[in-house]
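Source file: work.cif. Holds: mmCIF, C-alpha atoms and all ligand atoms.
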```cif
data_start
loop_
_atom_site.label_atom_id
_atom_site.label_comp_id
_atom_site.auth_asym_id
_atom_site.auth_seq_id
_atom_site.Cartn_x
_atom_site.Cartn_y
_atom_site.Cartn_z
CA MET A 1 -13.43 175.34 78.33
CA THR A 2 -12.42 171.67 78.24
CA TYR A 3 -14.42 168.91 79.82
CA LEU A 4 -14.02 165.43 81.21
CA ILE A 5 -16.69 162.78 81.48
CA GLY A 6 -17.11 160.57 84.52
CA VAL A 7 -19.17 157.37 84.37
CA ASP A 8 -20.29 155.46 87.46
CA LEU A 9 -21.40 152.00 86.34
CA GLY A 10 -23.60 150.25 88.88
CA GLY A 11 -25.74 147.12 88.94
CA THR A 12 -28.94 149.21 88.72
CA PHE A 13 -27.99 152.61 87.28
CA ILE A 14 -25.41 154.22 85.04
CA LYS A 15 -24.59 157.74 86.23
CA THR A 16 -22.72 159.91 83.76
CA ALA A 17 -21.51 163.46 84.32
CA LEU A 18 -19.86 166.25 82.45
CA VAL A 19 -17.11 167.54 84.75
CA SER A 20 -14.83 170.54 84.27
CA ARG A 21 -11.03 170.15 84.33
CA GLU A 22 -11.19 171.81 87.77
CA GLY A 23 -13.59 169.19 89.11
CA LYS A 24 -16.89 171.02 88.97
CA LEU A 25 -19.87 168.84 88.11
CA VAL A 26 -21.53 170.61 85.18
CA HIS A 27 -24.33 168.21 84.29
CA LYS A 28 -25.35 164.67 85.20
CA VAL A 29 -27.66 162.03 83.75
CA GLU A 30 -28.80 158.76 85.26
CA ILE A 31 -30.22 155.86 83.24
CA PRO A 32 -30.98 152.21 84.09
CA SER A 33 -28.03 149.86 83.47
CA GLU A 34 -30.32 147.09 82.15
CA GLY A 35 -27.83 144.45 83.24
CA GLU A 36 -30.15 141.71 81.97
CA ARG A 37 -29.24 142.78 78.42
CA GLY A 38 -25.69 141.54 79.01
CA PRO A 39 -22.38 143.40 78.52
CA ASP A 40 -23.16 144.60 74.97
CA GLY A 41 -26.50 146.07 76.04
CA VAL A 42 -24.97 147.81 79.07
CA ILE A 43 -22.11 149.23 76.96
CA ILE A 44 -24.67 150.61 74.46
CA ASN A 45 -26.38 152.31 77.43
CA ILE A 46 -23.07 153.80 78.63
CA ILE A 47 -22.44 155.22 75.14
CA ARG A 48 -26.00 156.58 75.05
CA SER A 49 -25.54 158.25 78.46
CA VAL A 50 -22.31 159.95 77.34
CA LYS A 51 -24.00 161.28 74.21
CA SER A 52 -26.99 162.58 76.13
CA VAL A 53 -25.01 164.30 78.91
CA VAL A 54 -23.17 166.46 76.35
CA LYS A 55 -26.24 166.99 74.17
CA GLU A 56 -28.48 168.07 77.07
CA LYS A 57 -25.87 170.66 78.04
CA GLY A 58 -25.31 171.79 74.43
CA VAL A 59 -21.60 170.96 74.61
CA ASP A 60 -19.64 169.85 71.54
CA LEU A 61 -18.23 166.34 72.08
CA LYS A 62 -14.94 167.68 70.63
CA LYS A 63 -14.47 169.67 73.85
CA VAL A 64 -14.42 166.45 75.90
CA LYS A 65 -10.82 165.34 76.51
CA ALA A 66 -11.38 161.87 77.95
CA ILE A 67 -13.86 159.52 79.61
CA GLY A 68 -13.25 158.00 83.04
CA ILE A 69 -15.25 154.97 84.13
CA GLY A 70 -15.75 153.60 87.63
CA SER A 71 -16.96 150.01 87.66
CA PRO A 72 -17.49 147.24 90.18
CA GLY A 73 -14.48 144.91 90.27
CA PRO A 74 -12.30 142.87 90.27
CA MET A 75 -10.56 144.39 87.28
CA ASP A 76 -7.31 145.09 85.47
CA THR A 77 -7.10 148.88 85.38
CA LYS A 78 -3.84 148.94 83.43
CA ASN A 79 -5.47 147.13 80.52
CA GLY A 80 -8.97 148.48 81.15
CA ILE A 81 -10.60 145.08 81.61
CA VAL A 82 -13.48 144.26 83.97
CA ARG A 83 -12.66 140.75 85.24
CA LYS A 84 -16.04 140.22 86.87
CA ALA A 85 -18.92 142.40 88.04
CA VAL A 86 -21.05 140.61 90.61
CA ASN A 87 -24.27 142.59 89.95
CA LEU A 88 -23.95 142.57 86.15
CA PRO A 89 -24.69 139.17 84.57
CA GLY A 90 -22.24 137.93 81.94
CA TRP A 91 -19.49 140.40 82.77
CA VAL A 92 -16.35 138.28 82.53
CA ASN A 93 -13.15 139.78 81.07
CA ILE A 94 -14.90 142.67 79.31
CA PRO A 95 -12.48 145.20 77.69
CA LEU A 96 -14.69 148.10 78.75
CA ARG A 97 -12.07 150.83 78.40
CA ASP A 98 -11.24 149.99 74.78
CA ARG A 99 -14.91 149.60 73.85
CA ILE A 100 -15.64 153.14 75.10
CA GLN A 101 -12.42 154.51 73.65
CA SER A 102 -13.21 153.21 70.16
CA ALA A 103 -16.83 154.40 70.34
CA PHE A 104 -15.74 158.02 70.86
CA GLY A 105 -12.16 158.17 69.55
CA ILE A 106 -10.87 159.80 72.75
CA PRO A 107 -8.91 158.27 75.66
CA ALA A 108 -10.81 156.36 78.34
CA ASN A 109 -9.79 154.95 81.71
CA LEU A 110 -11.18 152.23 83.96
CA GLU A 111 -11.06 152.29 87.78
CA ASN A 112 -12.65 150.51 90.72
CA ASP A 113 -15.87 152.36 91.67
CA ALA A 114 -15.06 152.60 95.40
CA ASN A 115 -11.60 153.96 94.58
CA ALA A 116 -13.18 156.54 92.27
CA ALA A 117 -15.53 157.69 95.04
CA ALA A 118 -12.58 157.88 97.45
CA TYR A 119 -10.53 159.93 95.00
CA ALA A 120 -13.42 162.37 94.53
CA GLU A 121 -13.45 163.12 98.26
CA TYR A 122 -9.72 163.82 98.09
CA TRP A 123 -10.02 165.96 94.94
CA LYS A 124 -13.14 167.98 95.74
CA GLY A 125 -14.66 166.75 99.00
CA ALA A 126 -13.90 166.29 102.70
CA GLY A 127 -10.36 164.99 102.13
CA GLN A 128 -8.92 167.97 100.23
CA ASN A 129 -5.27 168.70 101.04
CA ALA A 130 -4.88 165.45 103.00
CA CYS A 131 -1.36 164.08 103.08
CA LEU A 132 -2.67 160.55 103.54
CA MET A 133 -6.40 159.97 103.15
CA ILE A 134 -8.43 156.85 103.85
CA ALA A 135 -12.03 156.53 102.66
CA TYR A 136 -14.81 154.20 103.75
CA THR A 137 -18.15 153.76 101.99
CA LEU A 138 -20.85 152.27 104.20
CA GLY A 139 -23.57 150.97 101.91
CA THR A 140 -24.95 147.51 101.21
CA GLY A 141 -21.32 146.49 101.65
CA VAL A 142 -18.26 148.37 102.90
CA GLY A 143 -15.92 149.89 100.29
CA GLY A 144 -12.66 151.71 100.76
CA GLY A 145 -9.85 153.67 99.18
CA ILE A 146 -6.34 154.83 100.06
CA ILE A 147 -4.78 158.01 98.69
CA ILE A 148 -1.19 158.85 99.57
CA GLU A 149 0.24 162.24 98.59
CA GLY A 150 -2.32 162.61 95.82
CA LYS A 151 -1.85 159.14 94.36
CA LEU A 152 -4.52 156.47 94.50
CA ILE A 153 -3.07 153.21 95.82
CA ARG A 154 -4.26 150.52 93.41
CA GLY A 155 -2.11 147.61 94.56
CA THR A 156 -0.40 144.77 92.69
CA ASN A 157 -3.64 143.35 91.31
CA ASP A 158 -5.90 146.41 91.54
CA CYS A 159 -7.23 145.11 94.84
CA ALA A 160 -5.86 147.67 97.32
CA GLY A 161 -8.28 149.51 99.58
CA GLU A 162 -10.68 146.61 100.22
CA LEU A 163 -11.08 147.89 103.76
CA GLY A 164 -14.46 146.19 104.19
CA HIS A 165 -12.81 142.79 103.94
CA MET A 166 -10.26 143.22 106.68
CA THR A 167 -10.91 140.56 109.32
CA ILE A 168 -11.93 142.20 112.59
CA VAL A 169 -13.49 139.22 114.40
CA PRO A 170 -11.72 135.83 114.20
CA ASP A 171 -14.25 133.25 112.92
CA GLY A 172 -16.97 135.91 113.12
CA ASP A 173 -20.11 136.37 111.02
CA PRO A 174 -19.90 135.09 107.42
CA CYS A 175 -19.18 137.65 104.69
CA ALA A 176 -20.36 137.66 101.06
CA CYS A 177 -16.68 137.32 100.04
CA GLY A 178 -16.43 133.86 101.62
CA ASN A 179 -14.37 134.91 104.65
CA ARG A 180 -15.74 135.22 108.18
CA GLY A 181 -15.50 138.22 110.46
CA CYS A 182 -14.92 140.90 107.79
CA LEU A 183 -15.67 144.52 108.73
CA GLU A 184 -18.43 144.36 106.10
CA SER A 185 -20.21 141.73 108.24
CA TYR A 186 -20.40 144.22 111.12
CA ALA A 187 -20.59 147.76 109.72
CA SER A 188 -22.56 147.57 106.45
CA ALA A 189 -26.27 148.33 106.04
CA ASN A 190 -26.93 144.63 105.37
CA SER A 191 -25.12 143.53 108.52
CA LEU A 192 -26.87 146.19 110.62
CA VAL A 193 -30.22 144.77 109.50
CA ARG A 194 -29.15 141.13 109.92
CA ARG A 195 -27.77 141.66 113.42
CA ALA A 196 -30.77 143.74 114.51
CA MET A 197 -33.21 141.13 113.19
CA ALA A 198 -31.45 138.36 115.11
CA LYS A 199 -31.73 140.36 118.34
CA ILE A 200 -35.40 141.20 117.73
CA LYS A 201 -36.15 137.51 117.14
CA SER A 202 -34.50 136.64 120.43
CA GLY A 203 -36.73 139.08 122.31
CA ALA A 204 -35.10 142.54 122.28
CA GLN A 205 -37.42 145.43 123.19
CA THR A 206 -37.77 147.93 120.35
CA ILE A 207 -40.32 149.98 118.41
CA LEU A 208 -39.01 148.16 115.33
CA ARG A 209 -40.94 145.04 116.40
CA GLN A 210 -44.21 146.96 116.04
CA TRP A 211 -43.15 148.54 112.74
CA ILE A 212 -42.20 145.13 111.32
CA ASP A 213 -45.59 143.75 112.45
CA GLU A 214 -47.23 146.65 110.58
CA GLY A 215 -45.54 145.35 107.43
CA LYS A 216 -42.56 147.71 107.17
CA PRO A 217 -39.46 145.96 105.83
CA LEU A 218 -36.47 146.21 108.20
CA THR A 219 -33.81 148.38 106.55
CA SER A 220 -30.90 150.43 107.87
CA LYS A 221 -33.01 153.50 107.08
CA LEU A 222 -35.85 152.20 109.27
CA ILE A 223 -33.40 151.52 112.09
CA ASP A 224 -32.18 155.10 111.81
CA GLU A 225 -35.77 156.39 111.84
CA ALA A 226 -36.39 154.42 115.03
CA ARG A 227 -33.21 155.87 116.54
CA LEU A 228 -34.38 159.40 115.72
CA ALA A 229 -37.73 158.55 117.34
CA GLY A 230 -35.83 157.76 120.57
CA ASP A 231 -35.57 153.96 120.28
CA SER A 232 -32.55 152.99 122.39
CA PHE A 233 -32.20 149.54 120.77
CA SER A 234 -31.70 151.23 117.38
CA ARG A 235 -29.28 153.75 118.82
CA ASP A 236 -27.24 150.93 120.36
CA ALA A 237 -27.25 149.06 117.02
CA MET A 238 -25.74 152.12 115.30
CA ILE A 239 -23.18 152.61 118.07
CA GLU A 240 -22.19 148.95 117.75
CA ALA A 241 -21.67 149.34 113.97
CA GLY A 242 -19.65 152.53 114.56
CA THR A 243 -17.52 150.79 117.17
CA TYR A 244 -16.71 147.95 114.75
CA LEU A 245 -15.92 150.55 112.10
CA GLY A 246 -13.45 152.13 114.53
CA LEU A 247 -11.93 148.72 115.21
CA GLY A 248 -11.29 148.30 111.48
CA MET A 249 -9.98 151.86 111.21
CA SER A 250 -7.53 151.44 114.08
CA ALA A 251 -5.60 148.74 112.17
CA VAL A 252 -5.37 151.02 109.12
CA VAL A 253 -4.39 154.00 111.29
CA SER A 254 -1.60 151.98 112.94
CA ALA A 255 -0.30 150.86 109.54
CA LEU A 256 -0.50 154.13 107.62
CA ASN A 257 -0.82 157.07 110.06
CA PRO A 258 -3.38 159.00 107.93
CA ASP A 259 -4.41 162.60 108.60
CA ILE A 260 -7.97 162.31 107.26
CA ILE A 261 -10.47 159.44 107.19
CA VAL A 262 -13.61 160.21 105.17
CA VAL A 263 -16.74 158.11 105.68
CA GLY A 264 -19.55 158.13 103.11
CA GLY A 265 -22.29 155.90 101.72
CA GLY A 266 -26.01 155.54 102.37
CA MET A 267 -25.60 154.54 106.01
CA MET A 268 -23.87 157.83 106.79
CA LYS A 269 -27.27 159.55 106.89
CA ALA A 270 -27.02 158.47 110.54
CA GLY A 271 -23.86 160.63 110.78
CA GLU A 272 -22.25 161.25 114.16
CA VAL A 273 -23.93 158.30 115.89
CA LEU A 274 -21.62 156.15 113.73
CA LEU A 275 -18.56 158.42 113.64
CA GLU A 276 -18.29 159.29 117.32
CA PRO A 277 -18.02 155.66 118.55
CA ALA A 278 -15.54 155.05 115.71
CA ARG A 279 -13.35 157.92 116.97
CA VAL A 280 -13.55 156.62 120.54
CA GLU A 281 -12.55 153.13 119.41
CA VAL A 282 -9.64 154.35 117.27
CA LYS A 283 -8.33 156.57 120.08
CA ARG A 284 -8.49 153.66 122.50
CA ARG A 285 -6.39 151.41 120.25
CA VAL A 286 -3.69 153.51 118.52
CA PHE A 287 -0.67 155.51 119.70
CA ALA A 288 -1.30 159.08 120.84
CA GLU A 289 0.86 160.19 117.89
CA HIS A 290 -1.45 158.37 115.47
CA PHE A 291 -4.52 160.08 116.87
CA ALA A 292 -3.10 163.57 117.47
CA LYS A 293 -3.72 164.99 113.98
CA LEU A 294 -6.30 162.48 112.75
CA LYS A 295 -9.65 163.77 111.51
CA ILE A 296 -12.55 161.36 110.95
CA LEU A 297 -15.08 163.23 108.80
CA PRO A 298 -18.34 162.62 106.92
CA ALA A 299 -18.03 162.56 103.11
CA ARG A 300 -19.29 165.64 101.28
CA LEU A 301 -20.06 164.63 97.72
CA GLY A 302 -22.83 162.08 98.30
CA ASN A 303 -24.03 160.29 95.16
CA ASP A 304 -21.86 162.47 92.91
CA ALA A 305 -18.57 161.07 94.28
CA GLY A 306 -18.42 158.18 91.78
CA VAL A 307 -18.69 160.33 88.64
CA ILE A 308 -16.45 163.14 89.92
CA GLY A 309 -13.77 160.66 90.99
CA ALA A 310 -13.90 158.73 87.70
CA ALA A 311 -13.22 162.05 85.92
CA GLY A 312 -10.55 163.13 88.42
CA LEU A 313 -8.58 159.91 88.05
CA LEU A 314 -8.04 160.81 84.37
CA ILE A 315 -5.79 163.60 85.67
CA GLU A 316 -4.28 161.48 88.46
CA ARG A 317 -3.30 158.87 85.82
CA GLY A 318 -1.78 161.52 83.56
CA ILE A 319 -4.25 160.81 80.73
CA VAL A 320 -5.39 164.44 80.89
CA ARG A 321 -2.87 167.12 81.89
ZN ZN A 401 -15.41 139.89 103.26
#
```

Please express the file's structure as structure tokens.
Amino acid sequence: MTYLIGVDLGGTFIKTALVSREGKLVHKVEIPSEGERGPDGVIINIIRSVKSVVKEKGVDLKKVKAIGIGSPGPMDTKNGIVRKAVNLPGWVNIPLRDRIQSAFGIPANLENDANAAAYAEYWKGAGQNACLMIAYTLGTGVGGGIIIEGKLIRGTNDCAGELGHMTIVPDGDPCACGNRGCLESYASANSLVRRAMAKIKSGAQTILRQWIDEGKPLTSKLIDEARLAGDSFSRDAMIEAGTYLGLGMSAVVSALNPDIIVVGGGMMKAGEVLLEPARVEVKRRVFAEHFAKLKILPARLGNDAGVIGAAGLLIERGIVR
């Protein structure tokens, strides 16, 4: 049996998995990134995580064909360089791929983390057999990915698939990227909280007011708990986020005519209360032909998508046959 390794480098944790050539997750480890130790310290941790994932499973490192890494961007995937990683201090022009390659003497590959998660859903998740798949990740921010006939669309400067930064409201709410009115400012967990808080402060009736007074921090999870407890304000907040998501999707659907859109990320614990308004909004805005065969589905791989996709892209790139 031959193996691949997938690494999901995040601001807080490094997740590393042993994955079979067929895409089965065999074993996974998770260790703190320790970003405060700078790029060298984080790279040492990545190397440590690769060694421990094979050791814990009793697999000989010689059976590992290649190592795929998903990292926050922007980046140069062709040359394996992380240009900048917002949540990792000191990461400017780090040749991460070559550092990992020389540590183990086997090929490595660098990809955008959201693209890796999107590819995983195409390879082994909700988007299998899609002709043209679009993925959204609704977390702190909004990530995306585009896969056409099995190929990840990376774009001229490795910046394709930034679906969270499509403008959906002219001169709308400010976004972390510097633009205003991005989808991320309306459909991310952060924006859900920010918009709900503004409405609560201006007098909206909701159980959340009492929970906040009791000292609970307002999070997207708390809003979903309130929704499940029957709070109509919280339900409406979710429907609003889902409607904006659908608004963003409708532009992509008009441009690319996908057959499957997969939606994942922490916020998707709320599930259909986000997806159903998105479907309604897309249907309202696109041609009947666009909507006829379109499926908008929840992601299936959860927190494992990043590591599985990082491994899968080794095959997509032709590094592993
Ligand atoms: Zn933005």

### Task
For region 145-156 of chain A, work out the shell of residues within 12 Å, counting only C-alpha atoms and skipping chain neighbours fewer than 3 positions away, then give it as JSON, numbers by chain.
{"A": [74, 75, 76, 77, 78, 110, 111, 112, 113, 114, 115, 116, 117, 118, 119, 120, 121, 122, 123, 127, 128, 129, 130, 131, 132, 133, 134, 135, 136, 137, 142, 159, 160, 161, 162, 163, 164, 252, 253, 255, 256, 257, 258, 259, 260, 261, 262, 263, 264, 309, 310, 312, 313, 314, 315, 316, 317, 318]}

Output for the residues just chosen: C-alpha atoms as a compact mmCIF listing (two decimals), in the coordinates of the input:
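What ended up in out_14.txt:
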```txt
# COMPACT_ATOMS: atom_id res chain seq x y z
CA PRO A 74 -12.30 142.87 90.27
CA MET A 75 -10.56 144.39 87.28
CA ASP A 76 -7.31 145.09 85.47
CA THR A 77 -7.10 148.88 85.38
CA LYS A 78 -3.84 148.94 83.43
CA LEU A 110 -11.18 152.23 83.96
CA GLU A 111 -11.06 152.29 87.78
CA ASN A 112 -12.65 150.51 90.72
CA ASP A 113 -15.87 152.36 91.67
CA ALA A 114 -15.06 152.60 95.40
CA ASN A 115 -11.60 153.96 94.58
CA ALA A 116 -13.18 156.54 92.27
CA ALA A 117 -15.53 157.69 95.04
CA ALA A 118 -12.58 157.88 97.45
CA TYR A 119 -10.53 159.93 95.00
CA ALA A 120 -13.42 162.37 94.53
CA GLU A 121 -13.45 163.12 98.26
CA TYR A 122 -9.72 163.82 98.09
CA TRP A 123 -10.02 165.96 94.94
CA GLY A 127 -10.36 164.99 102.13
CA GLN A 128 -8.92 167.97 100.23
CA ASN A 129 -5.27 168.70 101.04
CA ALA A 130 -4.88 165.45 103.00
CA CYS A 131 -1.36 164.08 103.08
CA LEU A 132 -2.67 160.55 103.54
CA MET A 133 -6.40 159.97 103.15
CA ILE A 134 -8.43 156.85 103.85
CA ALA A 135 -12.03 156.53 102.66
CA TYR A 136 -14.81 154.20 103.75
CA THR A 137 -18.15 153.76 101.99
CA VAL A 142 -18.26 148.37 102.90
CA CYS A 159 -7.23 145.11 94.84
CA ALA A 160 -5.86 147.67 97.32
CA GLY A 161 -8.28 149.51 99.58
CA GLU A 162 -10.68 146.61 100.22
CA LEU A 163 -11.08 147.89 103.76
CA GLY A 164 -14.46 146.19 104.19
CA VAL A 252 -5.37 151.02 109.12
CA VAL A 253 -4.39 154.00 111.29
CA ALA A 255 -0.30 150.86 109.54
CA LEU A 256 -0.50 154.13 107.62
CA ASN A 257 -0.82 157.07 110.06
CA PRO A 258 -3.38 159.00 107.93
CA ASP A 259 -4.41 162.60 108.60
CA ILE A 260 -7.97 162.31 107.26
CA ILE A 261 -10.47 159.44 107.19
CA VAL A 262 -13.61 160.21 105.17
CA VAL A 263 -16.74 158.11 105.68
CA GLY A 264 -19.55 158.13 103.11
CA GLY A 309 -13.77 160.66 90.99
CA ALA A 310 -13.90 158.73 87.70
CA GLY A 312 -10.55 163.13 88.42
CA LEU A 313 -8.58 159.91 88.05
CA LEU A 314 -8.04 160.81 84.37
CA ILE A 315 -5.79 163.60 85.67
CA GLU A 316 -4.28 161.48 88.46
CA ARG A 317 -3.30 158.87 85.82
CA GLY A 318 -1.78 161.52 83.56
```

### Task
Return as a PyMOL selection string every polymer residue, whether protein, DNA or RNA, with at least one atom no more than 12 Å from an atom of ligand ZN 401 (chain A); count only C-alpha atoms and all ligand atoms.
chain A and resi 141-143+162-169+171-188+191

Now that the selection is made, can you save its residues with C-alpha atoms as a CSV table (one decimal), in the coordinates of the input?
```
chain,number,residue,atom,x,y,z
A,141,GLY,CA,-21.3,146.5,101.6
A,142,VAL,CA,-18.3,148.4,102.9
A,143,GLY,CA,-15.9,149.9,100.3
A,162,GLU,CA,-10.7,146.6,100.2
A,163,LEU,CA,-11.1,147.9,103.8
A,164,GLY,CA,-14.5,146.2,104.2
A,165,HIS,CA,-12.8,142.8,103.9
A,166,MET,CA,-10.3,143.2,106.7
A,167,THR,CA,-10.9,140.6,109.3
A,168,ILE,CA,-11.9,142.2,112.6
A,169,VAL,CA,-13.5,139.2,114.4
A,171,ASP,CA,-14.2,133.2,112.9
A,172,GLY,CA,-17.0,135.9,113.1
A,173,ASP,CA,-20.1,136.4,111.0
A,174,PRO,CA,-19.9,135.1,107.4
A,175,CYS,CA,-19.2,137.6,104.7
A,176,ALA,CA,-20.4,137.7,101.1
A,177,CYS,CA,-16.7,137.3,100.0
A,178,GLY,CA,-16.4,133.9,101.6
A,179,ASN,CA,-14.4,134.9,104.6
A,180,ARG,CA,-15.7,135.2,108.2
A,181,GLY,CA,-15.5,138.2,110.5
A,182,CYS,CA,-14.9,140.9,107.8
A,183,LEU,CA,-15.7,144.5,108.7
A,184,GLU,CA,-18.4,144.4,106.1
A,185,SER,CA,-20.2,141.7,108.2
A,186,TYR,CA,-20.4,144.2,111.1
A,187,ALA,CA,-20.6,147.8,109.7
A,188,SER,CA,-22.6,147.6,106.4
A,191,SER,CA,-25.1,143.5,108.5
```

### Query
Which residues, written as JSON, numbers by chain, have at least one atom at most 10 Å from Ala292 (chain A), with only C-alpha atoms counted and residues fewer than 4 positions away on the same chain left out?
{"A": [259, 283, 287, 288]}

### Residue nearest Asn87 (chain A) among A:Pro39, A:Gly302, A:Gly266, A:Gly10 (counting all atoms listed in the file)
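The shortest atom-to-atom distance to Asn87 (chain A) comes from A:Gly10.
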
### Task
Within 8 Å of Gly73 (chain A), counting only C-alpha atoms, which residues show up once you throw out same-chain ones fewer than 6 positions away? Write them as an NGL selection string, please.
:A and (82-86 or 112-113)

### Task
Between A:Thr16, A:Ser220, A:Asn45, A:Ser234, single out the one closest to Ile200 (chain A), counting only C-alpha atoms.
A:Ser234

Tell me, as a PDB file with C-alpha atoms, in the frame of the given file, which residues lie within 12 Å of region 26-34 of chain A, counting all atoms listed in the file; anything in the same chain fewer than 3 positions away does not count.
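That gives us out.pdb:
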```
ATOM      1  CA  MET A   1     -13.430 175.340  78.330  1.00  0.00           C
ATOM      2  CA  THR A   2     -12.420 171.670  78.240  1.00  0.00           C
ATOM      3  CA  TYR A   3     -14.420 168.910  79.820  1.00  0.00           C
ATOM      4  CA  LEU A   4     -14.020 165.430  81.210  1.00  0.00           C
ATOM      5  CA  ILE A   5     -16.690 162.780  81.480  1.00  0.00           C
ATOM      6  CA  GLY A   6     -17.110 160.570  84.520  1.00  0.00           C
ATOM      7  CA  VAL A   7     -19.170 157.370  84.370  1.00  0.00           C
ATOM      8  CA  ASP A   8     -20.290 155.460  87.460  1.00  0.00           C
ATOM      9  CA  LEU A   9     -21.400 152.000  86.340  1.00  0.00           C
ATOM     10  CA  GLY A  10     -23.600 150.250  88.880  1.00  0.00           C
ATOM     11  CA  GLY A  11     -25.740 147.120  88.940  1.00  0.00           C
ATOM     12  CA  THR A  12     -28.940 149.210  88.720  1.00  0.00           C
ATOM     13  CA  PHE A  13     -27.990 152.610  87.280  1.00  0.00           C
ATOM     14  CA  ILE A  14     -25.410 154.220  85.040  1.00  0.00           C
ATOM     15  CA  LYS A  15     -24.590 157.740  86.230  1.00  0.00           C
ATOM     16  CA  THR A  16     -22.720 159.910  83.760  1.00  0.00           C
ATOM     17  CA  ALA A  17     -21.510 163.460  84.320  1.00  0.00           C
ATOM     18  CA  LEU A  18     -19.860 166.250  82.450  1.00  0.00           C
ATOM     19  CA  VAL A  19     -17.110 167.540  84.750  1.00  0.00           C
ATOM     20  CA  SER A  20     -14.830 170.540  84.270  1.00  0.00           C
ATOM     21  CA  ARG A  21     -11.030 170.150  84.330  1.00  0.00           C
ATOM     22  CA  GLU A  22     -11.190 171.810  87.770  1.00  0.00           C
ATOM     23  CA  GLY A  23     -13.590 169.190  89.110  1.00  0.00           C
ATOM     24  CA  ARG A  37     -29.240 142.780  78.420  1.00  0.00           C
ATOM     25  CA  GLY A  38     -25.690 141.540  79.010  1.00  0.00           C
ATOM     26  CA  PRO A  39     -22.380 143.400  78.520  1.00  0.00           C
ATOM     27  CA  ASP A  40     -23.160 144.600  74.970  1.00  0.00           C
ATOM     28  CA  GLY A  41     -26.500 146.070  76.040  1.00  0.00           C
ATOM     29  CA  VAL A  42     -24.970 147.810  79.070  1.00  0.00           C
ATOM     30  CA  ILE A  43     -22.110 149.230  76.960  1.00  0.00           C
ATOM     31  CA  ILE A  44     -24.670 150.610  74.460  1.00  0.00           C
ATOM     32  CA  ASN A  45     -26.380 152.310  77.430  1.00  0.00           C
ATOM     33  CA  ILE A  46     -23.070 153.800  78.630  1.00  0.00           C
ATOM     34  CA  ILE A  47     -22.440 155.220  75.140  1.00  0.00           C
ATOM     35  CA  ARG A  48     -26.000 156.580  75.050  1.00  0.00           C
ATOM     36  CA  SER A  49     -25.540 158.250  78.460  1.00  0.00           C
ATOM     37  CA  VAL A  50     -22.310 159.950  77.340  1.00  0.00           C
ATOM     38  CA  LYS A  51     -24.000 161.280  74.210  1.00  0.00           C
ATOM     39  CA  SER A  52     -26.990 162.580  76.130  1.00  0.00           C
ATOM     40  CA  VAL A  53     -25.010 164.300  78.910  1.00  0.00           C
ATOM     41  CA  VAL A  54     -23.170 166.460  76.350  1.00  0.00           C
ATOM     42  CA  LYS A  55     -26.240 166.990  74.170  1.00  0.00           C
ATOM     43  CA  GLU A  56     -28.480 168.070  77.070  1.00  0.00           C
ATOM     44  CA  LYS A  57     -25.870 170.660  78.040  1.00  0.00           C
ATOM     45  CA  GLY A  58     -25.310 171.790  74.430  1.00  0.00           C
ATOM     46  CA  VAL A  59     -21.600 170.960  74.610  1.00  0.00           C
ATOM     47  CA  SER A  71     -16.960 150.010  87.660  1.00  0.00           C
ATOM     48  CA  ASN A  87     -24.270 142.590  89.950  1.00  0.00           C
ATOM     49  CA  LEU A  88     -23.950 142.570  86.150  1.00  0.00           C
ATOM     50  CA  PRO A  89     -24.690 139.170  84.570  1.00  0.00           C
ATOM     51  CA  ASN A 303     -24.030 160.290  95.160  1.00  0.00           C
ATOM     52  CA  ASP A 304     -21.860 162.470  92.910  1.00  0.00           C
ATOM     53  CA  ALA A 305     -18.570 161.070  94.280  1.00  0.00           C
ATOM     54  CA  GLY A 306     -18.420 158.180  91.780  1.00  0.00           C
ATOM     55  CA  VAL A 307     -18.690 160.330  88.640  1.00  0.00           C
ATOM     56  CA  ILE A 308     -16.450 163.140  89.920  1.00  0.00           C
ATOM     57  CA  ALA A 311     -13.220 162.050  85.920  1.00  0.00           C
TER      58      ALA A 311
END
```

With all atoms of region 35-42 of chain A from the file as input, state the centre and edge lengths in Å to one decimal of the axis-aligned box that has 3 Å extra on each side, as AutoDock Vina command-line options.
```
--center_x -26.3 --center_y 144.7 --center_z 79.1 --size_x 13.8 --size_y 12.3 --size_z 14.3
```
